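Asker: Before we start, here is the structure in question, set down as C-alpha cells.
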Amino acid sequence: MHGQPIRHFLRMDDFSTDELVHVFARTQVIKDRFKRYQPYRPLTDRTLAMVFEKASTRTRVSFEAGMYQMGGSVIHITTGDSQLGRAEPIEDTARVISRMVDIVMIRTYEQAKLERFARYSRVPVINGLTNEYHPCQILADIFTFIEHRGPVVGRTVAWIGDANNVAYTWLQAAQLLGFRVNISTPPGYGLDPRLAPAGPHLAVFDSPLEAARGADLITTDVWTSMGFEAENEQRRRAFAGWQVDERVMAAASPEALFMHCLPAHRGEEVTNEVIEGVQSVVWDEAENRLHAQKALMEYLLLGREVD
Ligand code: CP
Ligand code: NVA
C-alpha cells in the first residue's frame with residue numbers, strides 16, 4: 001500500500017476535536033441540501049459494504065439511504081447469509097471485501113474483532129456498533145444537541161442506566177469536546193474503568209436524581225443490550241430504580257432535552273410520557289443518523305476537498 005494510512009472510524013477518539021467539528025459542520029450543509037431537495041452526489045461509483053452481525057433498523061436504513069443519496073451503491077450482508085456464519089476468519093473477510101468496495105461499515109460484538117477487520121482492510125472501516133462503542137450514534141446525538149441548544153462545550157449530559165456501548169462513547173466525546181457526563185448505574189452494573197478513564201469529564205452518582213440535577217441533556221438506553229439477552233430478567237430487577245421518568249426530567253435543567261438512541265422499551269428505561277414529551281428529541285436524533293453518517297462517509301472518502 002502507498003500514500004497516507006487509511007483512516008477508520010472505530011471509536012470517537014479516532015478523530016481529533018477539529019475533525020469532529022468539521023463533520024458536524026458538513027452534517028449541517030448536507031442536511032440543508034437534503035431538505036431543499038438539492039441533489040448532492042459526490043460518491044458516484046463508490047460502493048459501501050455493510051456487515052451486520054447483530055440486528056439493526058436505523059443503522060442499516062441510514063447508511064443505505066445515505067450512500068444512495070450521495071450517488072453510490074450499497075451491499076448488505078449478515079452473519080447468517082455470508083461465510084462469516086460458517087467461520088471464515090474476519091481477516092480473510094476483510095481482505096476480500098475491501099478489494100471490492102470503497103468503504104465498509106460493520107456492526108459486530110467485540111471491538112477487537114472490528115479492529116482486526118480494520119487492520120486487514122484496504123479501505124476505511126466504520127464502527128456501526130460493537131459491545132464497547134457506538135460512535136455513529138454519538139455523532140448524530142451531539143449534532144442534534146447543537147441544533148437544538150447550541151455548542152456542547154461546558155454542558156452536562158446525564159446518563160441514567162446501563163454502562164454500555166453508547167455510554168462509553170458519550171464519555172469519549174466528552175473528553176474530545178469539553179463537556180461533562182454525570183452517570184448513574186445500578187450496583188453491579190457500573191463503568192468498566194478500562195473503557196472509562198477517570199477525569200473531569202466524568203462524575204459518578206449513586207442516585208439517578210442526583211446525576212440528573214441541573215443537566216442539559218438526559219439520556220438513557222435499553223437495560224439489556226444486544227448480546228446480553230440471557231441477563232434480561234436479572235437486569236429488569238436490578239435496573240428498576242433507573243427509569244427516566246418525570247421526576248428525573250424535573251431534576252434536570254428546565255431547558256433539558258431527552259435523547260435515546262432507540263429502540264426504546266417504554267415502561268423500562270423510559271416512561272411513555274418522557275419519550276413522547278416535549279423535551280424528547282428522539283426522532284430528530286434518529287433522523288440525524290442519516291445526515292451525520294453522510295458527512296462521515298464524505299470525510300473518510302473525500303477528505304475536506306468538498307463543496
Ligand atoms: N440506534 C441504533 O443504532 O439503532 P439500530 O439498532 O436500529 O440500528
Ligand atoms: N446498547 C444497545 C444499542 C442499540 C442501538 C445495544 O447494543 O443493543
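Ordering of the C-alpha cells sets the chain letters (A, B, ...); residue numbers start at 1 within each chain; ligands are numbered from 1 in the order shown.
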Excluding segment 171-183 of chain A and any residue of its chain fewer than 2 positions from it, enumerate the residues within 9 Å of it, using only C-alpha atoms, and give them as an mmCIF file with N, CA, C and O atoms, in the first residue's frame.
Answerer:
```cif
data_model
loop_
_atom_site.group_PDB
_atom_site.id
_atom_site.type_symbol
_atom_site.label_atom_id
_atom_site.label_comp_id
_atom_site.auth_asym_id
_atom_site.auth_seq_id
_atom_site.Cartn_x
_atom_site.Cartn_y
_atom_site.Cartn_z
ATOM 1 N N ARG A 11 -13.733 4.312 16.842
ATOM 2 C CA ARG A 11 -14.061 4.898 18.138
ATOM 3 C C ARG A 11 -14.130 6.400 17.927
ATOM 4 O O ARG A 11 -13.552 6.920 16.983
ATOM 5 N N MET A 12 -14.814 7.076 18.847
ATOM 6 C CA MET A 12 -14.945 8.529 18.721
ATOM 7 C C MET A 12 -13.563 9.181 18.660
ATOM 8 O O MET A 12 -13.332 10.113 17.896
ATOM 9 N N ASP A 13 -12.621 8.667 19.479
ATOM 10 C CA ASP A 13 -11.315 9.327 19.544
ATOM 11 C C ASP A 13 -10.367 8.883 18.426
ATOM 12 O O ASP A 13 -9.182 9.195 18.466
ATOM 13 N N PHE A 15 -10.976 10.310 15.758
ATOM 14 C CA PHE A 15 -10.988 11.645 15.156
ATOM 15 C C PHE A 15 -10.538 12.665 16.197
ATOM 16 O O PHE A 15 -10.834 12.529 17.384
ATOM 17 N N SER A 16 -9.858 13.689 15.704
ATOM 18 C CA SER A 16 -9.485 14.803 16.584
ATOM 19 C C SER A 16 -10.720 15.680 16.809
ATOM 20 O O SER A 16 -11.716 15.583 16.080
ATOM 21 N N THR A 17 -10.609 16.571 17.773
ATOM 22 C CA THR A 17 -11.691 17.535 18.018
ATOM 23 C C THR A 17 -11.984 18.321 16.748
ATOM 24 O O THR A 17 -13.148 18.518 16.366
ATOM 25 N N LEU A 20 -13.953 16.308 14.290
ATOM 26 C CA LEU A 20 -15.364 16.181 14.692
ATOM 27 C C LEU A 20 -16.117 17.475 14.389
ATOM 28 O O LEU A 20 -17.242 17.438 13.870
ATOM 29 N N VAL A 21 -15.492 18.603 14.668
ATOM 30 C CA VAL A 21 -16.134 19.892 14.376
ATOM 31 C C VAL A 21 -16.405 20.009 12.875
ATOM 32 O O VAL A 21 -17.475 20.457 12.442
ATOM 33 N N PRO A 135 -19.982 4.902 17.920
ATOM 34 C CA PRO A 135 -19.629 6.293 17.635
ATOM 35 C C PRO A 135 -20.540 7.004 16.639
ATOM 36 O O PRO A 135 -20.720 8.231 16.744
ATOM 37 N N ILE A 138 -23.320 8.700 18.517
ATOM 38 C CA ILE A 138 -22.990 9.907 19.286
ATOM 39 C C ILE A 138 -22.689 11.084 18.352
ATOM 40 O O ILE A 138 -22.937 12.245 18.710
ATOM 41 N N LEU A 139 -22.199 10.811 17.142
ATOM 42 C CA LEU A 139 -22.102 11.901 16.155
ATOM 43 C C LEU A 139 -23.481 12.527 15.958
ATOM 44 O O LEU A 139 -23.637 13.751 15.990
ATOM 45 N N ILE A 142 -24.817 14.385 19.242
ATOM 46 C CA ILE A 142 -24.215 15.689 19.520
ATOM 47 C C ILE A 142 -24.667 16.702 18.475
ATOM 48 O O ILE A 142 -24.975 17.854 18.809
ATOM 49 N N VAL A 152 -21.840 22.289 22.677
ATOM 50 C CA VAL A 152 -21.855 21.346 23.803
ATOM 51 C C VAL A 152 -20.784 21.673 24.855
ATOM 52 O O VAL A 152 -20.841 21.140 25.963
ATOM 53 N N VAL A 153 -19.853 22.525 24.495
ATOM 54 C CA VAL A 153 -18.764 22.849 25.435
ATOM 55 C C VAL A 153 -19.348 23.350 26.760
ATOM 56 O O VAL A 153 -20.237 24.210 26.766
ATOM 57 N N GLY A 154 -18.869 22.771 27.857
ATOM 58 C CA GLY A 154 -19.291 23.217 29.181
ATOM 59 C C GLY A 154 -20.640 22.680 29.628
ATOM 60 O O GLY A 154 -21.084 22.968 30.745
ATOM 61 N N ARG A 155 -21.294 21.885 28.798
ATOM 62 C CA ARG A 155 -22.620 21.345 29.153
ATOM 63 C C ARG A 155 -22.480 20.093 30.018
ATOM 64 O O ARG A 155 -21.415 19.495 30.122
ATOM 65 N N THR A 156 -23.631 19.684 30.577
ATOM 66 C CA THR A 156 -23.676 18.449 31.368
ATOM 67 C C THR A 156 -24.711 17.500 30.776
ATOM 68 O O THR A 156 -25.873 17.867 30.591
ATOM 69 N N VAL A 157 -24.247 16.294 30.491
ATOM 70 C CA VAL A 157 -25.108 15.216 29.982
ATOM 71 C C VAL A 157 -25.283 14.223 31.123
ATOM 72 O O VAL A 157 -24.287 13.808 31.731
ATOM 73 N N ALA A 158 -26.520 13.832 31.424
ATOM 74 C CA ALA A 158 -26.740 12.815 32.465
ATOM 75 C C ALA A 158 -27.107 11.495 31.802
ATOM 76 O O ALA A 158 -28.083 11.431 31.041
ATOM 77 N N TRP A 159 -26.338 10.484 32.089
ATOM 78 C CA TRP A 159 -26.607 9.133 31.571
ATOM 79 C C TRP A 159 -27.167 8.317 32.727
ATOM 80 O O TRP A 159 -26.499 8.125 33.749
ATOM 81 N N ILE A 160 -28.384 7.809 32.544
ATOM 82 C CA ILE A 160 -29.072 7.057 33.600
ATOM 83 C C ILE A 160 -29.268 5.630 33.080
ATOM 84 O O ILE A 160 -29.958 5.441 32.069
ATOM 85 N N GLY A 161 -28.683 4.632 33.761
ATOM 86 C CA GLY A 161 -28.956 3.250 33.330
ATOM 87 C C GLY A 161 -27.703 2.429 33.152
ATOM 88 O O GLY A 161 -26.800 2.473 33.984
ATOM 89 N N ALA A 163 -24.176 0.922 31.899
ATOM 90 C CA ALA A 163 -22.870 1.404 31.412
ATOM 91 C C ALA A 163 -22.539 0.598 30.159
ATOM 92 O O ALA A 163 -21.827 -0.400 30.222
ATOM 93 N N VAL A 166 -23.081 2.793 24.231
ATOM 94 C CA VAL A 166 -23.474 4.181 23.963
ATOM 95 C C VAL A 166 -22.912 5.084 25.074
ATOM 96 O O VAL A 166 -22.370 6.165 24.794
ATOM 97 N N ALA A 167 -22.980 4.627 26.311
ATOM 98 C CA ALA A 167 -22.438 5.417 27.435
ATOM 99 C C ALA A 167 -20.930 5.631 27.271
ATOM 100 O O ALA A 167 -20.428 6.755 27.445
ATOM 101 N N TYR A 168 -20.201 4.589 26.941
ATOM 102 C CA TYR A 168 -18.733 4.730 26.800
ATOM 103 C C TYR A 168 -18.381 5.686 25.657
ATOM 104 O O TYR A 168 -17.374 6.379 25.699
ATOM 105 N N THR A 169 -19.226 5.718 24.647
ATOM 106 C CA THR A 169 -18.943 6.630 23.534
ATOM 107 C C THR A 169 -19.229 8.071 23.937
ATOM 108 O O THR A 169 -18.500 8.995 23.558
ATOM 109 N N THR A 185 -25.578 4.317 37.532
ATOM 110 C CA THR A 185 -25.883 2.931 37.134
ATOM 111 C C THR A 185 -26.241 2.147 38.397
ATOM 112 O O THR A 185 -25.794 2.499 39.485
ATOM 113 N N LEU A 191 -19.379 1.382 35.535
ATOM 114 C CA LEU A 191 -18.434 1.552 34.425
ATOM 115 C C LEU A 191 -17.246 0.614 34.565
ATOM 116 O O LEU A 191 -16.726 0.416 35.663
ATOM 117 N N LEU A 195 -12.583 1.140 30.065
ATOM 118 C CA LEU A 195 -13.271 1.856 28.988
ATOM 119 C C LEU A 195 -13.638 3.277 29.401
ATOM 120 O O LEU A 195 -14.091 4.059 28.573
ATOM 121 N N ALA A 196 -13.468 3.580 30.695
ATOM 122 C CA ALA A 196 -13.924 4.885 31.203
ATOM 123 C C ALA A 196 -12.888 5.460 32.150
ATOM 124 O O ALA A 196 -13.073 5.459 33.366
ATOM 125 N N PRO A 197 -11.762 5.952 31.612
ATOM 126 C CA PRO A 197 -10.767 6.560 32.495
ATOM 127 C C PRO A 197 -11.347 7.746 33.261
ATOM 128 O O PRO A 197 -12.178 8.479 32.720
ATOM 129 N N GLY A 199 -11.617 11.364 35.104
ATOM 130 C CA GLY A 199 -11.191 12.703 34.674
ATOM 131 C C GLY A 199 -12.295 13.682 34.943
ATOM 132 O O GLY A 199 -13.399 13.293 35.357
ATOM 133 N N PRO A 200 -12.017 14.961 34.693
ATOM 134 C CA PRO A 200 -13.015 15.992 34.998
ATOM 135 C C PRO A 200 -14.264 15.896 34.116
ATOM 136 O O PRO A 200 -15.280 16.532 34.415
ATOM 137 N N HIS A 201 -14.196 15.099 33.036
ATOM 138 C CA HIS A 201 -15.350 14.955 32.141
ATOM 139 C C HIS A 201 -16.366 13.956 32.694
ATOM 140 O O HIS A 201 -17.430 13.786 32.107
ATOM 141 N N LEU A 202 -16.052 13.280 33.806
ATOM 142 C CA LEU A 202 -16.891 12.176 34.295
ATOM 143 C C LEU A 202 -17.186 12.332 35.779
ATOM 144 O O LEU A 202 -16.267 12.537 36.575
ATOM 145 N N ALA A 203 -18.469 12.222 36.143
ATOM 146 C CA ALA A 203 -18.853 12.193 37.557
ATOM 147 C C ALA A 203 -19.849 11.057 37.749
ATOM 148 O O ALA A 203 -20.790 10.913 36.963
ATOM 149 N N VAL A 204 -19.616 10.233 38.774
ATOM 150 C CA VAL A 204 -20.440 9.048 39.014
ATOM 151 C C VAL A 204 -21.337 9.298 40.230
ATOM 152 O O VAL A 204 -20.869 9.805 41.250
ATOM 153 N N PHE A 205 -22.618 8.964 40.105
ATOM 154 C CA PHE A 205 -23.596 9.190 41.173
ATOM 155 C C PHE A 205 -24.333 7.892 41.489
ATOM 156 O O PHE A 205 -24.688 7.147 40.576
ATOM 157 N N ASP A 206 -24.609 7.665 42.788
ATOM 158 C CA ASP A 206 -25.437 6.514 43.153
ATOM 159 C C ASP A 206 -26.880 6.752 42.731
ATOM 160 O O ASP A 206 -27.579 5.846 42.283
ATOM 161 N N PRO A 208 -29.930 8.351 40.508
ATOM 162 C CA PRO A 208 -30.241 8.939 39.202
ATOM 163 C C PRO A 208 -30.698 10.398 39.311
ATOM 164 O O PRO A 208 -30.364 11.212 38.448
ATOM 165 N N GLU A 210 -29.701 12.594 41.498
ATOM 166 C CA GLU A 210 -28.504 13.433 41.704
ATOM 167 C C GLU A 210 -27.744 13.609 40.393
ATOM 168 O O GLU A 210 -27.246 14.697 40.093
ATOM 169 N N ALA A 211 -27.663 12.536 39.610
ATOM 170 C CA ALA A 211 -26.970 12.635 38.312
ATOM 171 C C ALA A 211 -27.693 13.613 37.392
ATOM 172 O O ALA A 211 -27.074 14.343 36.612
ATOM 173 N N ALA A 212 -29.014 13.627 37.480
ATOM 174 C CA ALA A 212 -29.822 14.456 36.570
ATOM 175 C C ALA A 212 -29.821 15.928 36.956
ATOM 176 O O ALA A 212 -30.112 16.794 36.119
ATOM 177 N N ALA A 215 -28.846 19.013 34.716
ATOM 178 C CA ALA A 215 -28.242 18.583 33.443
ATOM 179 C C ALA A 215 -28.926 19.242 32.246
ATOM 180 O O ALA A 215 -30.112 19.595 32.298
#
```
Asker: Do you know which residues are within 9 Å of ligand 2 using only C-alpha atoms and all ligand atoms? Can you write them as an NGL selection string?
Answerer: :A and (54-59 or 109 or 129-134 or 137 or 162-167 or 221-228 or 261-264)
Asker: List as a list in words the protein and nucleic acid residues near Tyr40 of chain A, meaning an atom at most 9 Å away when only C-alpha atoms are counted, but skip any in the same chain fewer than 3 places from it.
Answerer: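 With the cut-off at 9 Å, the set is Ile30, Arg33, Phe34, Leu43, Gln69, Met70 and Gly71 of chain A.
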Asker: Would you pick out the contacts of Ile103 of chain A at 12 Å or less, using only C-alpha atoms, so that residues sharing its chain but fewer than 3 positions from it are not included, and give the list as a PyMOL selection string?
Answerer: chain A and resi 6-9+43+45-51+63+67+72-75+94+97-100+106+118+121-127+296-302
Asker: If we count only C-alpha atoms and set the cut-off at 7 Å, which residues sit around segment 273-275 of chain A, ignoring sequence neighbours fewer than 2 positions away in its own chain? Please answer as a PyMOL selection string.
Answerer: chain A and resi 245-246+270-271+277+280
Asker: Can you write out the residues you just picked, keeping N, CA and C atoms, as a short mmCIF file (atom, residue, chain, number, x, y, z; two decimals), in the first residue's frame?
Answerer:
```cif
data_model
loop_
_atom_site.label_atom_id
_atom_site.label_comp_id
_atom_site.auth_asym_id
_atom_site.auth_seq_id
_atom_site.Cartn_x
_atom_site.Cartn_y
_atom_site.Cartn_z
N ASP A 245 -38.02 9.06 34.25
CA ASP A 245 -39.44 9.41 34.36
C ASP A 245 -39.55 10.92 34.57
N GLU A 246 -40.75 11.38 34.88
CA GLU A 246 -40.93 12.83 35.01
C GLU A 246 -40.14 13.42 36.19
N VAL A 270 -37.38 4.09 30.14
CA VAL A 270 -38.01 5.41 29.99
C VAL A 270 -39.53 5.23 30.01
N THR A 271 -40.21 6.23 30.57
CA THR A 271 -41.67 6.18 30.55
C THR A 271 -42.19 6.68 29.19
N GLY A 277 -42.77 13.16 25.32
CA GLY A 277 -42.96 14.50 25.88
C GLY A 277 -42.26 15.60 25.09
N SER A 280 -38.41 15.60 24.56
CA SER A 280 -37.80 14.48 23.82
C SER A 280 -37.50 14.88 22.38
#
```
Asker: Got a sec: who's within 7 Å of segment 78-92 of chain A, counting only C-alpha atoms, leaving out chain neighbours fewer than 3 positions off, as a ChimeraX atom specification?
Answerer: /A:51-53,95-96,116-117,120
Asker: Among segment 172-302 of chain A, which ones does DSSP assign to strand (DSSP E) (computed from the backbone)? Answer as a list in words.
Answerer: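 In segment 172-302 of chain A, DSSP puts these residues in strand (DSSP E): Arg180, Val181, Asn182, Ile183, Ser184, Leu202, Ala203, Val204, Leu217, Ile218, Thr219, Thr220, Leu257, Phe258, Met259 and His260 of chain A.
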Asker: I need the residues from that last selection saved to file as an mmCIF file, in the first residue's frame (with N, CA and C atoms), if you can.
Answerer:
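File selection-v5.cif, as written:
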```
data_model
loop_
_atom_site.group_PDB
_atom_site.id
_atom_site.type_symbol
_atom_site.label_atom_id
_atom_site.label_comp_id
_atom_site.auth_asym_id
_atom_site.auth_seq_id
_atom_site.Cartn_x
_atom_site.Cartn_y
_atom_site.Cartn_z
ATOM 1 N N ARG A 180 -19.321 17.447 30.174
ATOM 2 C CA ARG A 180 -19.220 16.536 31.303
ATOM 3 C C ARG A 180 -20.346 15.517 31.237
ATOM 4 N N VAL A 181 -20.074 14.294 31.663
ATOM 5 C CA VAL A 181 -21.112 13.266 31.749
ATOM 6 C C VAL A 181 -21.284 12.886 33.214
ATOM 7 N N ASN A 182 -22.512 13.050 33.717
ATOM 8 C CA ASN A 182 -22.896 12.509 35.030
ATOM 9 C C ASN A 182 -23.511 11.154 34.775
ATOM 10 N N ILE A 183 -23.043 10.142 35.458
ATOM 11 C CA ILE A 183 -23.566 8.809 35.169
ATOM 12 C C ILE A 183 -24.052 8.140 36.441
ATOM 13 N N SER A 184 -25.209 7.493 36.343
ATOM 14 C CA SER A 184 -25.733 6.718 37.467
ATOM 15 C C SER A 184 -26.174 5.357 36.959
ATOM 16 N N LEU A 202 -16.052 13.280 33.806
ATOM 17 C CA LEU A 202 -16.891 12.176 34.295
ATOM 18 C C LEU A 202 -17.186 12.332 35.779
ATOM 19 N N ALA A 203 -18.469 12.222 36.143
ATOM 20 C CA ALA A 203 -18.853 12.193 37.557
ATOM 21 C C ALA A 203 -19.849 11.057 37.749
ATOM 22 N N VAL A 204 -19.616 10.233 38.774
ATOM 23 C CA VAL A 204 -20.440 9.048 39.014
ATOM 24 C C VAL A 204 -21.337 9.298 40.230
ATOM 25 N N LEU A 217 -28.934 17.676 29.274
ATOM 26 C CA LEU A 217 -29.435 16.563 28.456
ATOM 27 C C LEU A 217 -29.551 15.341 29.352
ATOM 28 N N ILE A 218 -30.714 14.682 29.289
ATOM 29 C CA ILE A 218 -30.898 13.402 29.975
ATOM 30 C C ILE A 218 -30.940 12.340 28.886
ATOM 31 N N THR A 219 -30.147 11.296 29.062
ATOM 32 C CA THR A 219 -30.167 10.244 28.060
ATOM 33 C C THR A 219 -30.020 8.874 28.712
ATOM 34 N N THR A 220 -30.549 7.883 28.017
ATOM 35 C CA THR A 220 -30.510 6.517 28.526
ATOM 36 C C THR A 220 -30.558 5.564 27.343
ATOM 37 N N LEU A 257 -32.984 18.513 27.271
ATOM 38 C CA LEU A 257 -33.532 17.635 26.232
ATOM 39 C C LEU A 257 -33.488 16.198 26.739
ATOM 40 N N PHE A 258 -34.315 15.344 26.126
ATOM 41 C CA PHE A 258 -34.223 13.901 26.369
ATOM 42 C C PHE A 258 -33.821 13.211 25.075
ATOM 43 N N MET A 259 -32.839 12.324 25.152
ATOM 44 C CA MET A 259 -32.431 11.514 23.990
ATOM 45 C C MET A 259 -32.368 10.046 24.356
ATOM 46 N N HIS A 260 -32.563 9.230 23.324
ATOM 47 C CA HIS A 260 -32.464 7.761 23.447
ATOM 48 C C HIS A 260 -32.077 7.281 22.057
#
```
Asker: Please compute the atom CA of Ser253 of chain A-atom CA of Leu209 of chain A distance, one decimal, in Å.
Answerer: 12.0 Å
Asker: Measuring atom to atom with only C-alpha atoms, identify which of A:Ala140, A:Asp192, A:Pro186, A:Ser207 is nearest to Val23 of chain A.
Answerer: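 Selected residue with least distance to Val23 of chain A: A:Ala140.
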Asker: Do a neighbour search on Arg289 of chain A at 7 Å with only C-alpha atoms, toss out local chain neighbours closer than 2 positions, and write the hits as a PDB file with all heavy atoms, in the first residue's frame.
Answerer:
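Wrote around35.pdb, looks like this:
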```pdb
ATOM      1  N   SER A  62     -30.181   4.193   7.570  1.00  0.00           N
ATOM      2  CA  SER A  62     -29.489   5.483   7.413  1.00  0.00           C
ATOM      3  C   SER A  62     -28.241   5.354   6.544  1.00  0.00           C
ATOM      4  O   SER A  62     -27.992   6.198   5.676  1.00  0.00           O
ATOM      5  CB  SER A  62     -29.159   6.094   8.775  1.00  0.00           C
ATOM      6  OG  SER A  62     -28.446   5.175   9.579  1.00  0.00           O
ATOM      7  N   GLN A 137     -23.689   6.809  16.496  1.00  0.00           N
ATOM      8  CA  GLN A 137     -24.830   7.292  17.281  1.00  0.00           C
ATOM      9  C   GLN A 137     -24.498   8.621  17.954  1.00  0.00           C
ATOM     10  O   GLN A 137     -25.297   9.565  17.933  1.00  0.00           O
ATOM     11  CB  GLN A 137     -25.185   6.245  18.349  1.00  0.00           C
ATOM     12  CG  GLN A 137     -26.380   6.623  19.181  1.00  0.00           C
ATOM     13  CD  GLN A 137     -27.647   6.633  18.354  1.00  0.00           C
ATOM     14  OE1 GLN A 137     -27.968   5.650  17.701  1.00  0.00           O
ATOM     15  NE2 GLN A 137     -28.372   7.737  18.373  1.00  0.00           N
ATOM     16  N   ALA A 140     -24.477  11.671  15.731  1.00  0.00           N
ATOM     17  CA  ALA A 140     -25.839  12.167  15.497  1.00  0.00           C
ATOM     18  C   ALA A 140     -26.399  12.849  16.736  1.00  0.00           C
ATOM     19  O   ALA A 140     -27.067  13.892  16.638  1.00  0.00           O
ATOM     20  CB  ALA A 140     -26.744  11.016  15.067  1.00  0.00           C
ATOM     21  N   GLU A 285     -33.095  12.896  16.542  1.00  0.00           N
ATOM     22  CA  GLU A 285     -31.853  12.162  16.810  1.00  0.00           C
ATOM     23  C   GLU A 285     -31.706  10.995  15.824  1.00  0.00           C
ATOM     24  O   GLU A 285     -30.632  10.797  15.235  1.00  0.00           O
ATOM     25  CB  GLU A 285     -31.958  11.661  18.255  1.00  0.00           C
ATOM     26  CG  GLU A 285     -30.755  11.010  18.830  1.00  0.00           C
ATOM     27  CD  GLU A 285     -31.081  10.386  20.210  1.00  0.00           C
ATOM     28  OE1 GLU A 285     -32.213  10.548  20.754  1.00  0.00           O
ATOM     29  OE2 GLU A 285     -30.193   9.707  20.729  1.00  0.00           O
ATOM     30  N   ALA A 286     -32.790  10.269  15.622  1.00  0.00           N
ATOM     31  CA  ALA A 286     -32.746   9.139  14.679  1.00  0.00           C
ATOM     32  C   ALA A 286     -32.515   9.650  13.252  1.00  0.00           C
ATOM     33  O   ALA A 286     -31.677   9.115  12.517  1.00  0.00           O
ATOM     34  CB  ALA A 286     -34.038   8.340  14.769  1.00  0.00           C
ATOM     35  N   GLU A 287     -33.235  10.705  12.870  1.00  0.00           N
ATOM     36  CA  GLU A 287     -33.058  11.248  11.512  1.00  0.00           C
ATOM     37  C   GLU A 287     -31.615  11.712  11.286  1.00  0.00           C
ATOM     38  O   GLU A 287     -31.047  11.516  10.201  1.00  0.00           O
ATOM     39  CB  GLU A 287     -34.000  12.438  11.273  1.00  0.00           C
ATOM     40  CG  GLU A 287     -33.773  13.057   9.890  1.00  0.00           C
ATOM     41  CD  GLU A 287     -34.493  14.373   9.659  1.00  0.00           C
ATOM     42  OE1 GLU A 287     -35.604  14.568  10.174  1.00  0.00           O
ATOM     43  OE2 GLU A 287     -33.915  15.204   8.920  1.00  0.00           O
ATOM     44  N   HIS A 291     -27.889  12.148   8.228  1.00  0.00           N
ATOM     45  CA  HIS A 291     -27.087  13.296   7.809  1.00  0.00           C
ATOM     46  C   HIS A 291     -25.647  13.204   8.340  1.00  0.00           C
ATOM     47  O   HIS A 291     -24.695  13.501   7.615  1.00  0.00           O
ATOM     48  CB  HIS A 291     -27.755  14.589   8.279  1.00  0.00           C
ATOM     49  CG  HIS A 291     -29.221  14.642   7.936  1.00  0.00           C
ATOM     50  ND1 HIS A 291     -29.673  14.556   6.640  1.00  0.00           N
ATOM     51  CD2 HIS A 291     -30.331  14.719   8.727  1.00  0.00           C
ATOM     52  CE1 HIS A 291     -31.001  14.618   6.636  1.00  0.00           C
ATOM     53  NE2 HIS A 291     -31.424  14.709   7.885  1.00  0.00           N
ATOM     54  N   ALA A 292     -25.510  12.780   9.591  1.00  0.00           N
ATOM     55  CA  ALA A 292     -24.165  12.705  10.192  1.00  0.00           C
ATOM     56  C   ALA A 292     -23.317  11.644   9.490  1.00  0.00           C
ATOM     57  O   ALA A 292     -22.118  11.850   9.247  1.00  0.00           O
ATOM     58  CB  ALA A 292     -24.278  12.410  11.686  1.00  0.00           C
ATOM     59  N   GLN A 293     -23.916  10.526   9.170  1.00  0.00           N
ATOM     60  CA  GLN A 293     -23.136   9.455   8.530  1.00  0.00           C
ATOM     61  C   GLN A 293     -22.805   9.793   7.077  1.00  0.00           C
ATOM     62  O   GLN A 293     -21.772   9.356   6.558  1.00  0.00           O
ATOM     63  CB  GLN A 293     -23.877   8.131   8.645  1.00  0.00           C
ATOM     64  CG  GLN A 293     -23.900   7.642  10.086  1.00  0.00           C
ATOM     65  CD  GLN A 293     -24.987   6.640  10.372  1.00  0.00           C
ATOM     66  OE1 GLN A 293     -25.243   6.350  11.524  1.00  0.00           O
ATOM     67  NE2 GLN A 293     -25.635   6.124   9.356  1.00  0.00           N
TER      68      GLN A 293
END
```
Asker: I'd like the interatomic distance between atom CA of Arg149 of chain A and atom CA of Phe24 of chain A, to a tenth of an Å.
Answerer: 14.1 Å
Asker: Choose the residue, out of A:Val104, A:Val282, A:Leu114, A:Val244, that has the smallest atom-to-atom separation from ligand 1; count only C-alpha atoms and all ligand atoms.
Answerer: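 Closest candidate: A:Val282.
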Asker: Would you mind writing down, as an MDAnalysis selection string, each residue of segment 187-224 of chain A that DSSP on the backbone assigns to helix (DSSP H, G or I)?
Answerer: chainID A and resid 208:212
Asker: Between atom CA of Arg107 of chain A and atom CA of Asn232 of chain A, what is the spacing in Å?
Answerer: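 It comes out at 21.3 Å.
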